[in-house]
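Have a look at model_28.tsv; it's TSV, C-alpha atoms and all ligand atoms:
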```tsv
chain	number	residue	atom	x	y	z
A	16	MET	CA	23.77	35.82	102.72
A	17	ILE	CA	22.24	32.62	101.40
A	18	ALA	CA	21.24	31.93	97.81
A	19	LEU	CA	18.97	29.02	97.03
A	20	CYS	CA	19.36	26.97	93.91
A	21	PRO	CA	15.90	25.42	93.34
A	22	GLY	CA	15.74	22.13	91.49
A	23	ARG	CA	19.08	20.96	92.81
A	24	LEU	CA	18.11	21.14	96.49
A	25	MET	CA	21.31	23.00	97.06
A	26	ALA	CA	22.05	25.98	99.20
A	27	TYR	CA	25.31	27.83	99.12
A	28	THR	CA	26.70	30.91	100.71
A	29	THR	CA	27.52	33.74	98.37
A	30	ASN	CA	30.44	35.00	100.41
A	31	SER	CA	33.47	33.81	98.52
A	32	MET	CA	36.81	35.51	98.52
A	33	PRO	CA	39.03	35.26	95.46
A	34	GLU	CA	41.76	32.80	96.35
A	35	LEU	CA	45.01	31.79	94.65
A	36	PRO	CA	43.42	30.37	91.46
A	37	GLU	CA	41.21	33.41	90.94
A	38	VAL	CA	44.03	35.91	91.48
A	39	GLU	CA	46.37	33.87	89.30
A	40	THR	CA	43.75	33.88	86.54
A	41	ILE	CA	43.48	37.68	86.77
A	42	ARG	CA	47.26	38.00	86.72
A	43	THR	CA	47.55	35.87	83.59
A	44	ALA	CA	44.85	37.90	81.87
A	45	ILE	CA	46.16	41.39	82.58
A	46	GLU	CA	49.93	40.94	82.39
A	47	PRO	CA	50.17	40.90	78.56
A	48	LEU	CA	47.94	43.98	78.41
A	49	ILE	CA	49.98	46.23	80.69
A	50	ILE	CA	53.55	44.93	80.73
A	51	GLY	CA	55.92	47.63	79.45
A	52	GLN	CA	53.15	50.25	79.64
A	53	ARG	CA	53.30	53.34	81.85
A	54	LEU	CA	50.90	54.06	84.68
A	55	THR	CA	49.28	57.28	83.54
A	56	GLY	CA	46.65	57.64	86.22
A	57	LEU	CA	45.28	56.29	89.47
A	58	GLU	CA	41.69	57.44	89.70
A	59	LEU	CA	40.36	57.10	93.24
A	60	ARG	CA	36.57	57.15	93.29
A	61	ASP	CA	36.68	55.88	96.87
A	62	PRO	CA	39.89	57.21	98.47
A	63	SER	CA	39.54	54.80	101.40
A	64	ILE	CA	40.68	51.97	99.11
A	65	LEU	CA	44.22	53.35	99.13
A	66	ARG	CA	46.59	52.80	102.02
A	67	GLY	CA	48.41	56.03	102.86
A	68	ASP	CA	48.25	59.60	101.58
A	69	ALA	CA	47.01	59.47	97.99
A	70	ALA	CA	48.94	62.43	96.61
A	71	ALA	CA	52.20	61.37	98.18
A	72	VAL	CA	51.72	57.78	97.13
A	73	TYR	CA	50.88	58.60	93.55
A	74	SER	CA	53.83	60.94	93.14
A	75	THR	CA	56.14	57.96	93.68
A	76	ILE	CA	54.64	55.87	90.89
A	77	ALA	CA	53.28	58.38	88.35
A	78	ASP	CA	54.32	57.49	84.79
A	79	ALA	CA	56.33	54.46	85.96
A	80	ALA	CA	56.57	51.54	83.54
A	81	VAL	CA	55.17	48.11	84.45
A	82	HIS	CA	57.95	45.56	84.76
A	83	SER	CA	55.78	42.55	85.49
A	84	VAL	CA	52.56	41.39	87.08
A	85	GLN	CA	52.99	38.81	89.80
A	86	ARG	CA	50.95	37.13	92.49
A	87	ARG	CA	51.81	36.37	96.08
A	88	GLY	CA	49.17	34.38	97.92
A	89	LYS	CA	45.92	36.23	97.27
A	90	HIS	CA	47.69	39.51	96.47
A	91	LEU	CA	48.11	40.79	92.94
A	92	LEU	CA	51.38	42.66	92.47
A	93	ILE	CA	52.04	45.16	89.69
A	94	LEU	CA	55.80	45.71	89.74
A	95	LEU	CA	56.88	49.12	88.51
A	96	GLU	CA	60.19	50.68	87.62
A	97	GLY	CA	61.79	52.45	90.57
A	98	ASP	CA	61.33	49.35	92.77
A	99	ARG	CA	57.74	50.23	93.66
A	100	THR	CA	54.88	47.75	93.58
A	101	ILE	CA	51.13	48.22	93.51
A	102	VAL	CA	49.72	45.61	95.89
A	103	ILE	CA	46.07	44.82	95.24
A	104	HIS	CA	44.00	42.71	97.61
A	105	LEU	CA	40.51	41.95	96.33
A	106	ARG	CA	39.24	40.69	99.74
A	107	MET	CA	35.66	39.39	99.63
A	108	THR	CA	34.07	40.86	96.54
A	109	GLY	CA	36.73	42.75	94.61
A	110	ALA	CA	37.23	42.28	90.88
A	111	LEU	CA	39.47	43.88	88.26
A	112	LEU	CA	37.60	44.54	85.04
A	113	LEU	CA	38.76	45.85	81.68
A	114	GLU	CA	35.44	47.55	80.94
A	115	GLU	CA	33.45	49.81	83.22
A	116	PRO	CA	30.58	47.73	84.65
A	117	ALA	CA	26.96	48.58	83.96
A	118	ASP	CA	26.58	49.80	87.54
A	119	PRO	CA	29.60	52.11	88.03
A	120	ARG	CA	28.74	52.88	91.67
A	121	ARG	CA	30.79	49.91	92.84
A	122	VAL	CA	33.93	51.03	91.02
A	123	ARG	CA	36.30	52.25	93.72
A	124	ALA	CA	39.39	52.94	91.64
A	125	VAL	CA	40.58	52.93	88.05
A	126	LEU	CA	44.15	52.33	86.96
A	127	HIS	CA	45.04	53.97	83.64
A	128	PHE	CA	47.90	52.82	81.43
A	129	SER	CA	49.65	54.45	78.47
A	130	ASN	CA	48.11	52.12	75.89
A	131	GLU	CA	44.58	53.14	77.00
A	132	THR	CA	44.11	49.95	79.03
A	133	ARG	CA	42.05	50.62	82.11
A	134	LEU	CA	41.56	48.37	85.12
A	135	TYR	CA	38.35	49.01	87.04
A	136	PHE	CA	38.49	47.90	90.68
A	137	ASN	CA	34.87	46.87	91.27
A	138	ASP	CA	34.04	45.98	94.86
A	139	MET	CA	30.54	45.51	96.24
A	140	ARG	CA	31.52	45.22	99.91
A	141	ARG	CA	34.28	47.82	99.72
A	142	LEU	CA	36.79	45.72	101.66
A	143	GLY	CA	39.50	45.52	98.99
A	144	THR	CA	42.69	47.55	99.24
A	145	ILE	CA	45.42	49.07	97.09
A	146	ALA	CA	48.81	49.73	98.64
A	147	ILE	CA	52.05	51.01	97.17
A	148	GLU	CA	55.08	49.34	98.68
A	149	ASP	CA	58.79	48.90	98.11
A	150	THR	CA	59.17	45.92	95.80
A	151	GLY	CA	61.68	44.20	98.02
A	152	SER	CA	59.53	44.34	101.14
A	153	CYS	CA	55.99	43.53	100.04
A	154	CYS	CA	54.33	40.31	101.23
A	155	ARG	CA	57.56	39.06	102.78
A	156	ARG	CA	55.86	37.64	105.85
A	157	LEU	CA	53.55	35.34	103.93
A	158	GLY	CA	54.09	31.58	103.99
A	159	PRO	CA	55.30	29.60	100.99
A	160	GLU	CA	53.49	29.53	97.68
A	161	PRO	CA	51.73	26.14	97.58
A	162	LEU	CA	52.66	25.48	93.95
A	163	SER	CA	56.33	26.37	94.42
A	164	ASP	CA	59.25	24.05	95.16
A	165	GLU	CA	59.58	25.82	98.49
A	166	PHE	CA	56.35	24.20	99.68
A	167	THR	CA	57.41	20.62	100.37
A	168	PRO	CA	55.61	17.80	102.19
A	169	HIS	CA	58.32	17.92	104.84
A	170	ARG	CA	57.77	21.62	105.42
A	171	LEU	CA	54.02	21.12	105.81
A	172	ILE	CA	54.54	18.18	108.18
A	173	GLN	CA	56.83	20.27	110.36
A	174	CYS	CA	54.55	23.27	110.30
A	175	LEU	CA	51.32	21.44	111.14
A	176	ALA	CA	53.06	19.46	113.89
A	177	SER	CA	53.58	22.71	115.77
A	178	HIS	CA	49.95	23.82	115.63
A	179	ARG	CA	47.11	22.52	117.77
A	180	ILE	CA	44.49	24.53	115.92
A	181	PRO	CA	42.02	22.71	113.63
A	182	VAL	CA	43.65	21.75	110.35
A	183	LYS	CA	41.10	23.82	108.43
A	184	ALA	CA	42.16	26.93	110.36
A	185	ALA	CA	45.82	26.08	109.75
A	186	LEU	CA	45.27	25.92	106.01
A	187	LEU	CA	43.63	29.35	106.08
A	188	ASP	CA	46.59	30.84	107.94
A	189	GLN	CA	48.44	32.77	105.24
A	190	TYR	CA	51.67	32.52	107.23
A	191	ILE	CA	51.54	28.71	106.99
A	192	VAL	CA	50.68	28.54	103.31
A	193	ALA	CA	49.81	31.53	101.13
A	194	GLY	CA	46.80	31.70	98.85
A	195	VAL	CA	44.56	28.91	100.17
A	196	GLY	CA	41.15	30.12	101.31
A	197	ASN	CA	37.87	28.66	102.43
A	198	MET	CA	36.79	26.98	99.19
A	199	TYR	CA	39.99	25.21	98.30
A	200	ALA	CA	40.81	24.22	101.88
A	201	ASP	CA	37.42	22.47	102.07
A	202	GLU	CA	38.04	20.71	98.75
A	203	ALA	CA	41.57	19.64	99.70
A	204	LEU	CA	40.42	18.18	103.04
A	205	TYR	CA	37.52	16.34	101.42
A	206	ALA	CA	39.79	14.73	98.83
A	207	VAL	CA	41.89	13.10	101.55
A	208	GLN	CA	38.98	12.47	103.95
A	209	ILE	CA	40.24	14.59	106.81
A	210	HIS	CA	37.72	16.23	109.16
A	211	PRO	CA	38.22	20.03	109.15
A	212	LEU	CA	38.26	20.18	112.96
A	213	THR	CA	41.06	17.63	113.35
A	214	PRO	CA	43.87	19.29	115.33
A	215	ALA	CA	46.71	19.97	112.90
A	216	ASN	CA	49.26	18.27	115.15
A	217	GLU	CA	47.22	15.05	115.34
A	218	LEU	CA	47.60	14.28	111.63
A	219	THR	CA	50.01	11.52	110.71
A	220	ALA	CA	52.92	12.22	108.37
A	221	ASN	CA	51.19	10.18	105.67
A	222	GLN	CA	47.98	12.17	106.07
A	223	VAL	CA	49.89	15.44	105.71
A	224	LYS	CA	51.70	14.13	102.62
A	225	SER	CA	48.34	13.28	101.08
A	226	LEU	CA	47.00	16.69	102.07
A	227	TRP	CA	50.04	18.41	100.51
A	228	HIS	CA	49.36	16.63	97.24
A	229	SER	CA	45.64	17.37	97.48
A	230	ILE	CA	46.18	21.11	98.04
A	231	ARG	CA	48.33	21.36	94.92
A	232	GLU	CA	45.96	19.24	92.85
A	233	VAL	CA	42.90	21.26	93.85
A	234	LEU	CA	44.63	24.58	93.11
A	235	ARG	CA	46.04	23.44	89.75
A	236	ARG	CA	42.64	22.17	88.66
A	237	ALA	CA	40.97	25.44	89.65
A	238	ILE	CA	43.56	27.51	87.75
A	239	ALA	CA	42.89	25.37	84.67
A	240	CYS	CA	39.19	26.26	85.09
A	241	GLN	CA	40.07	29.97	85.52
A	242	GLY	CA	38.77	30.12	89.08
A	243	ALA	CA	35.38	29.69	90.72
A	244	SER	CA	32.61	32.19	90.03
A	245	ILE	CA	30.47	31.43	93.08
A	246	ALA	CA	29.50	35.03	93.68
A	247	THR	CA	31.14	38.18	92.33
A	248	TYR	CA	34.38	36.81	90.94
A	249	ALA	CA	34.80	37.26	87.19
A	250	LEU	CA	37.72	37.33	84.79
A	251	PRO	CA	38.85	40.83	83.71
A	252	ASN	CA	36.88	40.39	80.48
A	253	GLY	CA	33.72	39.71	82.48
A	254	GLN	CA	33.59	35.95	81.83
A	255	ARG	CA	33.01	33.50	84.66
A	256	GLY	CA	35.39	30.81	85.85
A	257	THR	CA	34.12	27.22	86.03
A	258	ALA	CA	36.08	25.71	88.93
A	259	HIS	CA	32.97	25.68	91.11
A	260	ASP	CA	31.40	23.12	88.75
A	261	LEU	CA	33.96	20.62	90.10
A	262	PHE	CA	33.38	21.36	93.79
A	263	LYS	CA	32.56	18.31	95.88
A	264	VAL	CA	31.80	20.04	99.18
A	265	ALA	CA	32.59	23.76	99.00
A	266	HIS	CA	29.37	25.81	98.81
A	267	ARG	CA	27.37	22.54	98.59
A	268	MET	CA	25.80	22.33	102.06
A	269	GLY	CA	22.84	19.94	101.95
A	270	ALA	CA	23.78	18.45	98.58
A	271	PRO	CA	24.72	14.75	98.45
A	272	CYS	CA	28.37	13.78	98.89
A	273	PRO	CA	29.62	12.63	95.46
A	274	ARG	CA	31.39	9.74	97.17
A	275	CYS	CA	28.73	8.35	99.52
A	276	GLY	CA	25.52	10.36	99.10
A	277	THR	CA	25.45	11.71	102.65
A	278	PRO	CA	24.30	15.35	102.78
A	279	ILE	CA	27.20	17.78	103.00
A	280	GLN	CA	27.29	19.56	106.34
A	281	ARG	CA	28.74	22.86	107.46
A	282	VAL	CA	30.56	23.40	110.73
A	283	MET	CA	32.08	26.54	112.17
A	284	VAL	CA	35.86	26.50	112.48
A	285	ARG	CA	37.12	29.59	114.25
A	286	LYS	CA	34.26	31.73	112.93
A	287	ARG	CA	34.58	30.45	109.37
A	288	GLY	CA	32.23	27.92	107.82
A	289	ALA	CA	33.69	24.60	106.68
A	290	CYS	CA	31.76	22.28	104.37
A	291	PHE	CA	32.50	18.58	104.68
A	292	CYS	CA	30.99	15.10	104.42
A	293	PRO	CA	30.26	13.76	107.92
A	294	ALA	CA	30.56	10.17	106.67
A	295	CYS	CA	33.74	10.43	104.58
A	296	GLN	CA	35.56	12.89	106.83
A	297	ARG	CA	35.33	11.37	110.26
A	298	THR	CA	37.88	11.96	112.95
A	299	GLU	CA	40.40	9.25	113.86
A	300	LYS	CA	38.12	8.11	116.68
A	301	GLY	CA	35.11	8.05	114.42
A	302	GLU	CA	33.47	10.85	116.32
A	303	HIS	CA	32.09	14.19	115.27
A	304	ARG	CA	33.73	17.25	116.68
A	305	ASP	CA	31.96	20.32	117.85
A	306	GLY	CA	32.75	23.62	116.21
A	307	ALA	CA	35.52	25.60	117.90
A	401	ZN	ZN	30.80	11.20	101.75
```
Since I need it in another form, could you write the structure as structure tokens?
Ligand SMILES: [Zn+2]
Amino acid sequence: MIALCPGRLMAYTTNSMPELPEVETIRTAIEPLIIGQRLTGLELRDPSILRGDAAAVYSTIADAAVHSVQRRGKHLLILLEGDRTIVIHLRMTGALLLEEPADPRRVRAVLHFSNETRLYFNDMRRLGTIAIEDTGSCCRRLGPEPLSDEFTPHRLIQCLASHRIPVKAALLDQYIVAGVGNMYADEALYAVQIHPLTPANELTANQVKSLWHSIREVLRRAIACQGASIATYALPNGQRGTAHDLFKVAHRMGAPCPRCGTPIQRVMVRKRGACFCPACQRTEKGEHRDGA
């Protein structure tokens, strides 16, 4: 789906999955509202959102108190007493809202808490999921958190050295690094002038060190802006994030590169679009690569 922005000669895709900064913003907003509260209801308006048998699942968490709200990659985790965790994945168009939206048809589930707080899971494309898992086992297979001490330049160097896939695809692999998605991978690669189709194992150690720094910088900046409201993403109170105002290449196909003025291009990388500057992000040999 393409939306045109007349007057700025800019076209951008409206498909935009909430990534680490968006989920972290939601986590920060809802934790003080529900921590210590009891889960008094799980209203399933679309039962397909829930993994597993609804009645059996709910019986294990009914009336449990919220210990904390955490994030792992793009997953939002509501940790409950009894070592159970509600794992929410917003996928492409999911949002958690504190008020019922004007069009309630897209609300797939509502979480009710003992202090009357309600979280409306609004989801236009109906791809989001809610799962109930044992706290100790959820999201264990994901790669390191990019803003944690566990994610070091050395670790990224070692990991990318063992992958021949395009670096853009490697950054989207949640088992390599958790939470980075299409928008922030494009921004991180642009900042260090690496072509998205460059094979991961062809990057030099210095390039990967720069990329490591760039990933963290891009994510921190986006969290400070409360995420990017390109399409359906909104804060729980309905406000929009502003991180997209700082984008240099993501969702800016056809717009001039802020560094050199060349129109931003889009190339397919393993079935996902990557926006980049063809002048600033050339391959080592100065050639353009074909989409893989
Ligand atoms: Zn450029």
Go through chain A residue by residue and, counting all atoms listed in the file, keep those with an atom at most 12 Å from ligand ZN 401 (chain A); for each kept residue give the shortest atom pair and its distance in Å to one decimal, ordered by chain and increasing number, as a tab-separated table.
```
residue	atom	partner	partner_atom	distance
A:Leu204	CA	A:ZN401	ZN	12.0
A:Tyr205	CA	A:ZN401	ZN	8.5
A:Ala206	CA	A:ZN401	ZN	10.1
A:Val207	CA	A:ZN401	ZN	11.3
A:Gln208	CA	A:ZN401	ZN	8.6
A:Ile209	CA	A:ZN401	ZN	11.2
A:His210	CA	A:ZN401	ZN	11.3
A:Lys263	CA	A:ZN401	ZN	9.4
A:Val264	CA	A:ZN401	ZN	9.3
A:Gly269	CA	A:ZN401	ZN	11.8
A:Ala270	CA	A:ZN401	ZN	10.6
A:Pro271	CA	A:ZN401	ZN	7.8
A:Cys272	CA	A:ZN401	ZN	4.6
A:Pro273	CA	A:ZN401	ZN	6.6
A:Arg274	CA	A:ZN401	ZN	4.8
A:Cys275	CA	A:ZN401	ZN	4.2
A:Gly276	CA	A:ZN401	ZN	6.0
A:Thr277	CA	A:ZN401	ZN	5.4
A:Pro278	CA	A:ZN401	ZN	7.8
A:Ile279	CA	A:ZN401	ZN	7.6
A:Gln280	CA	A:ZN401	ZN	10.2
A:Cys290	CA	A:ZN401	ZN	11.4
A:Phe291	CA	A:ZN401	ZN	8.1
A:Cys292	CA	A:ZN401	ZN	4.7
A:Pro293	CA	A:ZN401	ZN	6.7
A:Ala294	CA	A:ZN401	ZN	5.0
A:Cys295	CA	A:ZN401	ZN	4.2
A:Gln296	CA	A:ZN401	ZN	7.2
A:Arg297	CA	A:ZN401	ZN	9.6
```
Would you mind listing what lies within 7 Å of Leu95 (chain A) as a compact mmCIF listing (two decimals) with C-alpha atoms, keeping the file's coordinate frame, with only C-alpha atoms counted and same-chain residues fewer than 2 positions away left out?
```
# COMPACT_ATOMS: atom_id res chain seq x y z
CA ALA A 79 56.33 54.46 85.96
CA ALA A 80 56.57 51.54 83.54
CA VAL A 81 55.17 48.11 84.45
CA HIS A 82 57.95 45.56 84.76
CA ILE A 93 52.04 45.16 89.69
CA GLY A 97 61.79 52.45 90.57
CA ASP A 98 61.33 49.35 92.77
CA ARG A 99 57.74 50.23 93.66
CA THR A 100 54.88 47.75 93.58
```
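Here the question is which of A:Ser177, A:Ser244, A:Gln189, A:Asn130 gets nearest to Ser31 (chain A) using only C-alpha atoms, and that residue is A:Ser244.
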Between A:Met139, A:Ile180, A:Ala215, A:Ala110, which residue has the minimum interatomic distance to Val38 (chain A), considering all atoms listed in the file?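 Under the stated criterion, the closest residue is A:Ala110.
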Point-to-point distance in Å for CA of Pro62 (chain A) and CA of Thr75 (chain A):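 Separation between CA of Thr75 (chain A) and CA of Pro62 (chain A): 17.0 Å.
Considering the residues A:Leu91, A:Ile145, A:Val182, A:Val192 and counting all atoms listed in the file, Glu165 (chain A) has its shortest atom-to-atom contact with A:Val192.
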Using all atoms listed in the file, which residues sit within 12 Å of Asn221 (chain A) once same-chain residues fewer than 3 positions away are excluded, as a ChimeraX atom specification? /A:168-169,171-172,207,209,217-218,224-228
Using only C-alpha atoms, collect all residues at a distance of at most 12 Å from (41.7, 25.7, 109.2) as written in the file, then present them as an NGL selection string. :A and (175 or 178-189 or 191-192 or 195-201 or 203-204 or 209-215 or 282-290 or 306-307)
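Shortest separation to Pro119 (chain A) among A:Arg170, A:Arg141, A:Arg87, A:Arg60 occurs at residue A:Arg60, atoms counted being all atoms listed in the file.
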Step by step: start from the point (54.9, 59.1, 86.0) in the file's coordinates, keep every protein, DNA or RNA residue that has an atom no farther than 10 Å from it, count only C-alpha atoms, and write the set as a ChimeraX atom specification. /A:53-56,73-80
What is the CA of Asn216 (chain A) to CA of Ser163 (chain A) distance in Å? 23.4 Å
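The smallest atom-to-atom distance between Ala71 (chain A) and any of A:Leu250, A:Pro116, A:Leu134, A:Ile147, using only C-alpha atoms, is found for A:Ile147.
You will find CA of Ala44 (chain A) at 13.9 Å from CA of Tyr248 (chain A).
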Mind checking which residues fall within 9 Å of Arg133 (chain A), counting only C-alpha atoms, ignoring those fewer than 3 positions away in the same chain, and posting them as a PyMOL selection string? chain A and resi 112-115+125-128+130
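Ranking A:Ala220, A:Ala124, A:Leu162, A:Ala246 by their shortest atom-to-atom distance to Leu234 (chain A), with only C-alpha atoms included, puts A:Leu162 first.
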Atoms added to region 139-157 of chain A (N, CA and C atoms), reported as an mmCIF file, in the frame of the given file:
```
data_model
loop_
_atom_site.group_PDB
_atom_site.id
_atom_site.type_symbol
_atom_site.label_atom_id
_atom_site.label_comp_id
_atom_site.auth_asym_id
_atom_site.auth_seq_id
_atom_site.Cartn_x
_atom_site.Cartn_y
_atom_site.Cartn_z
ATOM 1 N N MET A 139 31.843 45.319 95.617
ATOM 2 C CA MET A 139 30.540 45.510 96.240
ATOM 3 C C MET A 139 30.646 45.814 97.736
ATOM 4 N N ARG A 140 31.450 45.056 98.441
ATOM 5 C CA ARG A 140 31.520 45.220 99.910
ATOM 6 C C ARG A 140 32.593 46.216 100.350
ATOM 7 N N ARG A 141 33.322 46.748 99.439
ATOM 8 C CA ARG A 141 34.280 47.820 99.720
ATOM 9 C C ARG A 141 35.323 47.423 100.779
ATOM 10 N N LEU A 142 35.776 46.177 100.708
ATOM 11 C CA LEU A 142 36.790 45.720 101.660
ATOM 12 C C LEU A 142 38.175 45.615 101.020
ATOM 13 N N GLY A 143 38.227 45.667 99.692
ATOM 14 C CA GLY A 143 39.500 45.520 98.990
ATOM 15 C C GLY A 143 40.423 46.700 99.250
ATOM 16 N N THR A 144 41.710 46.492 98.974
ATOM 17 C CA THR A 144 42.690 47.550 99.240
ATOM 18 C C THR A 144 43.708 47.647 98.102
ATOM 19 N N ILE A 145 44.267 48.839 97.959
ATOM 20 C CA ILE A 145 45.420 49.070 97.090
ATOM 21 C C ILE A 145 46.494 49.707 97.961
ATOM 22 N N ALA A 146 47.682 49.153 97.903
ATOM 23 C CA ALA A 146 48.810 49.730 98.640
ATOM 24 C C ALA A 146 49.976 49.890 97.664
ATOM 25 N N ILE A 147 50.829 50.833 97.948
ATOM 26 C CA ILE A 147 52.050 51.010 97.170
ATOM 27 C C ILE A 147 53.214 50.721 98.121
ATOM 28 N N GLU A 148 54.009 49.741 97.766
ATOM 29 C CA GLU A 148 55.080 49.340 98.680
ATOM 30 C C GLU A 148 56.405 49.227 97.940
ATOM 31 N N ASP A 149 57.486 49.187 98.709
ATOM 32 C CA ASP A 149 58.790 48.900 98.110
ATOM 33 C C ASP A 149 58.767 47.459 97.613
ATOM 34 N N THR A 150 59.246 47.251 96.400
ATOM 35 C CA THR A 150 59.170 45.920 95.800
ATOM 36 C C THR A 150 59.837 44.860 96.667
ATOM 37 N N GLY A 151 60.954 45.198 97.253
ATOM 38 C CA GLY A 151 61.680 44.200 98.020
ATOM 39 C C GLY A 151 61.031 43.811 99.335
ATOM 40 N N SER A 152 60.066 44.602 99.800
ATOM 41 C CA SER A 152 59.530 44.340 101.140
ATOM 42 C C SER A 152 58.092 43.838 101.137
ATOM 43 N N CYS A 153 57.420 43.857 99.982
ATOM 44 C CA CYS A 153 55.990 43.530 100.040
ATOM 45 C C CYS A 153 55.764 42.016 100.176
ATOM 46 N N CYS A 154 54.802 41.694 101.022
ATOM 47 C CA CYS A 154 54.330 40.310 101.230
ATOM 48 C C CYS A 154 55.437 39.376 101.746
ATOM 49 N N ARG A 155 56.448 39.915 102.358
ATOM 50 C CA ARG A 155 57.560 39.060 102.780
ATOM 51 C C ARG A 155 57.190 38.110 103.901
ATOM 52 N N ARG A 156 56.184 38.474 104.686
ATOM 53 C CA ARG A 156 55.860 37.640 105.850
ATOM 54 C C ARG A 156 54.953 36.459 105.511
ATOM 55 N N LEU A 157 54.462 36.421 104.290
ATOM 56 C CA LEU A 157 53.550 35.340 103.930
ATOM 57 C C LEU A 157 54.293 34.001 103.890
#
```
